[in-house]
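Next up, data07.txt (compact mmCIF, C-alpha atoms):
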# COMPACT_ATOMS: atom_id res chain seq x y z
CA MET J 1 93.79 -39.13 150.01
CA ASP J 2 90.80 -39.93 152.16
CA ARG J 3 88.83 -36.78 151.39
CA LEU J 4 86.77 -38.37 148.59
CA ALA J 5 85.71 -41.36 150.65
CA LEU J 6 84.89 -39.13 153.58
CA ARG J 7 82.84 -36.88 151.33
CA ILE J 8 80.83 -39.83 150.02
CA ARG J 9 80.42 -41.29 153.50
CA LYS J 10 79.14 -37.94 154.72
CA GLY J 11 76.46 -38.18 152.09
CA ALA J 12 75.45 -41.61 153.33
CA ASP J 13 75.23 -40.45 156.92
CA SER J 14 73.28 -37.33 156.05
CA CYS J 15 70.91 -39.31 153.91
CA GLY J 16 70.24 -41.85 156.61
CA GLU J 17 69.72 -39.31 159.35
CA GLY J 18 67.63 -37.01 157.25
CA SER J 19 65.06 -39.60 156.38
CA SER J 20 63.27 -39.25 159.67
CA SER J 21 63.37 -36.90 162.57
CA ARG J 22 62.13 -39.74 164.74
CA GLY J 23 64.48 -42.47 163.71
CA SER J 24 67.24 -41.89 166.21
CA GLY J 25 67.45 -41.07 169.84
CA THR J 26 71.13 -40.42 170.05
CA GLY J 27 70.95 -36.69 170.35
CA ARG J 28 70.27 -36.59 174.07
CA GLU J 29 72.27 -39.46 175.51
CA ARG J 30 73.63 -39.41 179.04
CA SER J 31 77.07 -40.52 180.17
CA HIS J 32 79.12 -40.46 183.34
CA ARG J 33 80.13 -36.88 184.06
CA PRO J 34 82.21 -35.27 186.76
CA VAL J 35 81.01 -32.59 189.12
CA GLY J 36 80.50 -29.35 187.28
CA THR J 37 78.74 -30.51 184.15
CA SER J 38 75.09 -29.79 183.60
CA SER J 39 74.07 -31.98 180.68
CA ARG J 40 72.35 -34.81 182.53
CA SER J 41 69.45 -35.43 180.20
CA ARG J 42 66.69 -37.13 182.11
CA GLY J 43 67.78 -40.72 182.12
CA TYR J 44 68.54 -41.35 178.47
CA PRO J 45 70.77 -44.34 177.77
CA ARG J 46 74.49 -44.02 178.03
CA GLY J 47 75.93 -43.23 174.66
CA ALA J 48 79.02 -42.76 172.57
CA ASP J 49 80.07 -39.41 173.92
CA LYS J 50 82.41 -40.96 176.49
CA LYS J 51 85.23 -40.89 174.01
CA SER J 52 84.64 -37.31 172.94
CA LEU J 53 86.64 -35.76 175.72
CA PRO J 54 87.34 -32.03 175.67
CA THR J 55 91.00 -31.10 175.72
CA GLY J 56 90.82 -27.40 176.49
CA ARG J 57 91.96 -25.57 179.59
CA SER J 58 88.51 -24.57 180.82
CA GLY J 59 86.67 -26.29 183.70
CA THR J 60 85.06 -29.49 182.51
CA GLY J 61 87.61 -30.09 179.79
CA ARG J 62 90.46 -30.05 182.28
CA ALA J 63 88.60 -32.31 184.68
CA LEU J 64 87.77 -34.89 182.01
CA VAL J 65 91.24 -34.90 180.50
CA ALA J 66 92.81 -35.20 183.92
CA LEU J 67 90.60 -38.12 184.86
CA ALA J 68 91.23 -39.80 181.52
CA GLY J 69 94.97 -39.60 182.06
CA LEU J 70 94.70 -40.87 185.61
CA CYS J 71 92.60 -43.85 184.63
CA ILE J 72 94.98 -44.72 181.79
CA LEU J 73 97.93 -44.63 184.14
CA MET J 74 96.02 -46.71 186.67
CA ALA J 75 95.41 -49.36 184.04
CA ALA J 76 99.10 -49.38 183.18
CA CYS J 77 100.25 -49.62 186.79
CA GLY J 78 97.74 -52.24 187.87
CA ARG J 79 94.99 -51.91 190.44
CA LYS J 80 96.99 -52.90 193.52
CA GLN J 81 99.89 -50.61 192.64
CA THR J 82 97.64 -47.55 192.28
CA GLU J 83 96.65 -47.52 195.94
CA GLY J 84 98.39 -44.54 197.49
CA VAL J 85 100.18 -43.55 194.28
CA VAL J 86 100.53 -39.77 194.28
CA LEU J 87 101.17 -37.91 191.05
CA ALA J 88 101.53 -34.41 192.48
CA ARG J 89 101.13 -32.33 195.63
CA VAL J 90 100.21 -28.68 196.13
CA GLY J 91 100.27 -27.65 199.76
CA SER J 92 98.20 -30.27 201.57
CA ALA J 93 96.32 -31.33 198.42
CA THR J 94 97.46 -34.45 196.56
CA LEU J 95 96.57 -35.97 193.23
CA ASP J 96 96.01 -39.63 194.19
CA LEU J 97 95.31 -42.36 191.64
CA GLY J 98 93.72 -44.77 194.09
CA ALA J 99 91.09 -42.26 195.18
CA LEU J 100 89.79 -41.97 191.62
CA ARG J 101 90.07 -45.60 190.49
CA THR J 102 86.64 -46.82 191.59
CA ALA J 103 84.69 -43.86 190.28
CA TRP J 104 86.37 -43.44 186.90
CA ALA J 105 88.36 -46.48 185.80
CA ASP J 106 85.37 -48.03 184.01
CA THR J 107 84.35 -44.79 182.33
CA LEU J 108 87.40 -43.33 180.62
CA SER J 109 90.00 -45.23 178.66
CA GLY J 110 92.42 -44.77 175.81
CA ASP J 111 96.07 -44.06 175.15
CA MET J 112 97.89 -41.02 176.40
CA GLN J 113 101.54 -40.11 175.92
CA ARG J 114 103.59 -39.26 178.99
CA ALA J 115 103.96 -35.65 177.82
CA ALA J 116 100.18 -35.31 177.58
CA LEU J 117 99.77 -36.77 181.06
CA ARG J 118 102.34 -34.31 182.32
CA ARG J 119 100.21 -31.47 181.00
CA VAL J 120 97.20 -32.95 182.78
CA VAL J 121 99.10 -32.88 186.05
CA GLN J 122 100.24 -29.31 185.39
CA ASN J 123 96.64 -28.24 184.83
CA TRP J 124 95.69 -29.77 188.17
CA ILE J 125 98.57 -27.96 189.87
CA GLU J 126 97.46 -24.64 188.42
CA ASP J 127 93.87 -25.25 189.52
CA GLN J 128 95.03 -26.03 193.05
CA LEU J 129 97.23 -22.96 193.22
CA LEU J 130 94.30 -20.74 192.21
CA ALA J 131 91.81 -22.54 194.47
CA GLN J 132 94.07 -22.34 197.51
CA GLU J 133 94.73 -18.67 196.84
CA ALA J 134 90.98 -18.11 196.69
CA VAL J 135 90.64 -19.71 200.13
CA ARG J 136 93.43 -17.54 201.54
CA ARG J 137 91.65 -14.43 200.25
CA GLY J 138 88.38 -15.48 201.86
CA LEU J 139 86.56 -16.06 198.57
CA ALA J 140 85.37 -19.47 199.73
CA GLU J 141 83.15 -17.76 202.31
CA ASP J 142 80.99 -16.23 199.58
CA PRO J 143 77.43 -17.64 199.98
CA ALA J 144 77.17 -17.94 196.20
CA ILE J 145 80.02 -20.47 196.27
CA ASP J 146 78.19 -22.60 198.84
CA HIS J 147 75.04 -22.54 196.74
CA GLU J 148 76.94 -23.59 193.64
CA LEU J 149 78.72 -26.40 195.45
CA GLU J 150 75.40 -27.70 196.79
CA ARG J 151 73.92 -27.56 193.29
CA LEU J 152 76.83 -29.51 191.85
CA ARG J 153 76.68 -32.06 194.68
CA SER J 154 72.97 -32.64 194.05
CA GLN J 155 73.61 -32.99 190.34
CA LEU J 156 76.33 -35.56 190.87
CA LEU J 157 74.16 -37.58 193.25
CA ALA J 158 71.30 -37.48 190.73
CA ASN J 159 73.59 -38.85 188.02
CA VAL J 160 74.81 -41.62 190.32
CA ALA J 161 71.23 -42.49 191.26
CA LEU J 162 70.26 -42.78 187.59
CA GLU J 163 73.21 -45.08 186.93
CA ARG J 164 72.17 -47.37 189.76
CA LEU J 165 68.37 -47.25 189.41
CA LEU J 166 68.09 -47.16 185.61
CA PRO J 167 70.96 -49.16 184.13
CA ASP J 168 71.15 -49.28 180.34
CA THR J 169 69.75 -52.81 180.00
CA PHE J 170 66.67 -52.23 177.87
CA ARG J 171 66.02 -54.74 175.10
CA VAL J 172 64.05 -54.34 171.88
CA SER J 173 62.45 -57.31 170.14
CA GLU J 174 62.40 -57.93 166.41
CA GLU J 175 58.61 -57.60 166.49
CA GLU J 176 58.88 -54.13 168.02
CA ILE J 177 61.40 -53.04 165.40
CA ARG J 178 59.24 -54.28 162.53
CA ALA J 179 56.11 -52.71 163.99
CA TYR J 180 57.84 -49.35 164.34
CA TYR J 181 59.17 -49.60 160.78
CA GLU J 182 55.73 -50.31 159.34
CA ALA J 183 54.09 -47.55 161.37
CA ASN J 184 56.66 -44.99 160.24
CA ARG J 185 57.41 -46.26 156.76
CA ASP J 186 56.70 -42.96 155.07
CA ALA J 187 59.57 -41.46 157.03
CA TYR J 188 61.93 -43.81 155.17
CA ARG J 189 60.83 -42.85 151.67
CA ARG J 190 63.69 -41.58 149.50
CA THR J 191 63.39 -38.01 148.31
CA GLU J 192 65.90 -38.38 145.45
CA ASP J 193 67.70 -41.03 143.44
CA GLU J 194 70.29 -42.96 145.44
CA VAL J 195 73.03 -45.42 144.62
CA ARG J 196 74.90 -48.00 146.65
CA VAL J 197 78.51 -48.54 145.65
CA GLN J 198 81.75 -50.12 146.77
CA GLN J 199 84.93 -48.17 146.20
CA ILE J 200 88.67 -48.69 146.26
CA LEU J 201 90.80 -45.57 146.49
CA VAL J 202 94.51 -45.72 145.64
CA SER J 203 97.17 -43.18 144.72
CA GLN J 204 98.78 -44.95 141.72
CA ARG J 205 97.12 -45.30 138.34
CA PHE J 206 98.79 -48.65 137.59
CA LEU J 207 97.51 -50.10 140.88
CA ALA J 208 93.98 -48.91 140.16
CA GLN J 209 94.14 -50.60 136.75
CA GLU J 210 95.48 -53.82 138.26
CA ILE J 211 92.66 -53.87 140.83
CA TYR J 212 90.10 -53.23 138.10
CA ASP J 213 91.49 -56.09 136.00
CA ARG J 214 91.44 -58.53 138.93
CA ALA J 215 87.91 -57.55 139.93
CA SER J 216 86.80 -57.93 136.29
CA GLN J 217 88.15 -61.46 136.34
CA GLY J 218 85.97 -62.35 139.31
CA GLU J 219 88.08 -61.59 142.39
CA ASP J 220 86.07 -60.51 145.40
CA PHE J 221 85.79 -56.72 145.37
CA ALA J 222 85.42 -56.44 149.14
CA ALA J 223 88.60 -58.46 149.68
CA LEU J 224 90.49 -56.25 147.23
CA ALA J 225 89.19 -53.15 149.04
CA LYS J 226 90.38 -54.42 152.41
CA GLN J 227 93.79 -55.20 150.94
CA TYR J 228 94.45 -52.12 148.83
CA SER J 229 92.06 -49.25 149.51
CA GLN J 230 93.52 -46.21 151.22
CA GLY J 231 90.07 -44.86 152.08
CA PRO J 232 88.44 -44.98 155.53
CA LEU J 233 85.89 -47.59 154.39
CA ALA J 234 88.47 -50.22 153.52
CA GLU J 235 87.59 -52.45 156.48
CA ARG J 236 83.99 -52.47 155.33
CA GLY J 237 85.01 -53.77 151.94
CA GLY J 238 84.67 -50.28 150.51
CA ASP J 239 80.88 -50.37 150.95
CA VAL J 240 79.64 -46.78 151.04
CA GLY J 241 76.01 -47.74 151.50
CA PHE J 242 73.18 -45.84 149.83
CA VAL J 243 73.90 -42.17 149.11
CA PRO J 244 72.07 -39.61 147.01
CA VAL J 245 73.49 -39.49 143.50
CA SER J 246 73.81 -35.73 143.86
CA TYR J 247 76.37 -36.23 146.67
CA LEU J 248 78.87 -37.91 144.36
CA PRO J 249 81.71 -36.04 142.64
CA GLU J 250 80.69 -35.03 139.13
CA LYS J 251 82.88 -37.55 137.28
CA LEU J 252 81.66 -40.40 139.44
CA ARG J 253 78.05 -39.24 139.23
CA ARG J 254 78.05 -39.31 135.45
CA ALA J 255 79.58 -42.78 135.37
CA VAL J 256 77.20 -44.20 137.99
CA VAL J 257 74.06 -42.84 136.33
CA ALA J 258 75.01 -44.59 133.10
CA ALA J 259 75.83 -47.90 134.82
CA ARG J 260 73.73 -50.88 135.82
CA PRO J 261 73.75 -52.72 139.17
CA GLY J 262 76.71 -55.08 139.25
CA SER J 263 78.74 -52.94 136.86
CA LEU J 264 82.41 -52.29 137.52
CA LEU J 265 83.58 -48.81 136.55
CA ARG J 266 86.98 -48.23 135.03
CA PRO J 267 89.45 -46.32 137.26
CA LEU J 268 88.43 -42.70 137.63
CA PRO J 269 91.16 -40.06 138.08
CA LEU J 270 90.16 -37.65 140.82
CA GLU J 271 92.00 -35.04 142.86
CA ASP J 272 92.17 -37.57 145.71
CA GLY J 273 93.74 -40.32 143.62
CA PHE J 274 92.26 -43.05 141.47
CA LEU J 275 88.93 -44.65 142.25
CA VAL J 276 87.68 -48.10 141.28
CA VAL J 277 83.94 -48.41 141.83
CA LYS J 278 81.45 -51.26 141.74
CA VAL J 279 77.78 -50.28 141.47
CA LEU J 280 75.74 -52.50 143.79
CA ALA J 281 72.23 -51.06 143.49
CA LEU J 282 70.22 -48.09 142.30
CA ALA J 283 67.20 -46.80 144.23
CA PRO J 284 64.90 -44.22 142.63
CA ALA J 285 63.27 -41.33 144.43
CA GLY J 286 60.04 -42.41 146.09
CA SER J 287 61.28 -45.90 146.95
CA TYR J 288 61.47 -47.05 150.57
CA ARG J 289 64.58 -47.85 152.55
CA GLU J 290 64.78 -51.49 153.55
CA LEU J 291 64.40 -52.36 157.22
CA ASP J 292 68.02 -53.46 157.50
CA GLU J 293 69.17 -50.00 156.42
CA VAL J 294 67.39 -48.26 159.28
CA ARG J 295 67.34 -51.04 161.88
CA PRO J 296 70.11 -49.58 164.12
CA ARG J 297 68.39 -46.20 164.30
CA ILE J 298 65.01 -47.75 165.05
CA GLU J 299 66.49 -49.92 167.79
CA MET J 300 68.19 -46.91 169.37
CA GLU J 301 64.97 -44.89 169.24
CA LEU J 302 62.94 -47.65 170.87
CA LYS J 303 65.53 -48.09 173.60
CA ARG J 304 65.48 -44.36 174.21
CA ARG J 305 61.72 -44.40 174.56
CA LYS J 306 61.79 -47.31 176.99
CA HIS J 307 64.45 -45.58 179.05
CA GLU J 308 62.43 -42.37 179.04
CA GLU J 309 59.28 -44.19 180.15
CA ALA J 310 61.17 -45.93 182.95
CA TYR J 311 62.63 -42.59 184.01
CA ARG J 312 59.18 -41.01 184.19
CA ARG J 313 57.85 -43.93 186.23
CA LEU J 314 60.79 -43.58 188.60
CA ILE J 315 60.17 -39.85 189.06
CA GLN J 316 56.47 -40.47 189.69
CA GLU J 317 57.28 -43.14 192.27
CA LEU J 318 59.77 -40.89 194.07
CA SER J 319 57.32 -37.98 193.96
CA SER J 320 54.54 -40.09 195.45
CA ARG J 321 56.55 -40.75 198.62
CA THR J 322 58.27 -37.39 198.90
CA ASP J 323 56.90 -33.99 199.85
CA VAL J 324 57.19 -31.94 196.64
CA TRP J 325 55.75 -28.44 196.39
CA VAL J 326 55.77 -25.98 193.49
CA ASN J 327 54.67 -22.38 193.65
CA GLU J 328 52.07 -22.67 190.91
CA ALA J 329 50.84 -19.13 191.52
CA LEU J 330 54.25 -17.81 190.58
CA LEU J 331 55.36 -20.35 187.98
CA GLY J 332 52.03 -21.33 186.49
CA SER J 333 50.98 -24.79 185.37
CA ASP J 334 53.63 -26.47 183.26
CA THR J 335 52.73 -29.42 181.05
CA ALA J 336 55.91 -29.14 179.01
CA GLY J 337 58.84 -31.38 179.74
CA GLN J 338 56.65 -34.19 181.02
CA GLY J 339 58.44 -36.79 178.92
CA SER J 340 56.38 -36.54 175.75
CA THR J 341 57.57 -39.06 173.22
CA PRO J 342 58.56 -37.83 169.77

Could I get this structure in the form of structure tokens?
Amino acid sequence: MDRLALRIRKGADSCGEGSSSRGSGTGRERSHRPVGTSSRSRGYPRGADKKSLPTGRSGTGRALVALAGLCILMAACGRKQTEGVVLARVGSATLDLGALRTAWADTLSGDMQRAALRRVVQNWIEDQLLAQEAVRRGLAEDPAIDHELERLRSQLLANVALERLLPDTFRVSEEEIRAYYEANRDAYRRTEDEVRVQQILVSQRFLAQEIYDRASQGEDFAALAKQYSQGPLAERGGDVGFVPVSYLPEKLRRAVVAARPGSLLRPLPLEDGFLVVKVLALAPAGSYRELDEVRPRIEMELKRRKHEEAYRRLIQELSSRTDVWVNEALLGSDTAGQGSTP
């Protein structure tokens, strides 16, 4: 039932992101990561990827899922009760909630069923069995293992240092946002006709007709969407935002092109159900997106730049009081990766 709304929303997202390759800095955000990951990206602000936890059986996925489960259980048990709470034991190794509370309780959260948590514990048990067997076979004495452990330790310390020295507290003023918008206005020019609509998606024809009749009589369309729509945009009053006309299903596209702003379209039968649509605005190709449409992306980009600049200043300061040597004869001069701003 939600496929239509998702399809339209995808168009809105693609349209917004495609307007400028410089409008968003979300692609390289940094978050708390356990030992073993290698995606620390030079001090960019913490982002939304904390909730996108892998669930597979391989390395980082197992570690993240395990820590997520532990932190959830810690929250349920209470801080004082987690001290010394052991979930499992393999030989002399124990899985202790209290030992992980400080490092991870503020990073991972969510809901996890007991069965899922049980699988997390089982994964940890299997890892310990294999690791302890590796020690018994002398594999831990391999110099390559020591090098890898030292690399991971340094990486973890670097991440912790960034969290402490460059907290995500950068602010962007309204003047900065407006100045950036004006300087990059051509990047926000529309390349094709777009339309902004509100939609209500329901499964019954009679309900779609009733909603249409009530909206025609002056009832608030957004309120009706929140009450009746079965689409994912219901909480937003069914507001899809601006999307290219070409992204719309054919039936809806034909109806929208023939409508005027403020028009209410009669219920449209689609494979997803029945759609009631209100046309809010039409924007022709060549017109510019309003500042409010792109404000969040501009703010994120400016914060990213400030964070990047602060990171570079920090590295320069640390380099100035630390003995750093590079074999230029072997590596050559490298001007890339010096924090150039897009």

| said: To one decimal place in Å, what is the distance between atom CA of Arg89 of chain J and atom CA of Ile125 of chain J? | reply: 7.7 Å

| query | If you count only C-alpha atoms, which residues fall within 7 Å of Gln199 of chain J, apart from same-chain ones fewer than 5 positions away, as a list in words? | reply |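 Near Gln199 of chain J, the qualifying residues are Gly238, Asp239, Leu275, Val276, Val277 and Lys278 of chain J.
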
| field | For Gln227 of chain J: contacts at 12 Å, all atoms listed in the file, fewer than 4 positions along chain excluded, given as a PyMOL selection string | value | chain J and resi 200-202+207+211+220-223+231+233-238

| Nearest residue to Glu219 of chain J from the set J:Asp272, J:Ala255, J:Ala183, J:Leu264 (distances using all atoms listed in the file) | J:Leu264

Using all atoms listed in the file, which residues of segment 153-244 of chain J come within 7 Å of segment 298-310 of chain J, and what is the closest atom pair for each, with the distance in Å to one decimal? Give it as a tab-separated table, sorted by chain and residue number.
residue	atom	partner	partner_atom	distance
J:Phe170	CA	J:Lys303	CA	6.1
J:Arg171	CA	J:Lys303	CA	6.8
J:Val172	CA	J:Glu299	CA	6.5
J:Ile177	CA	J:Ile298	CA	6.4

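Distance-wise, atom CA of Leu224 of chain J and atom CA of Ala208 of chain J end up 10.8 Å apart.
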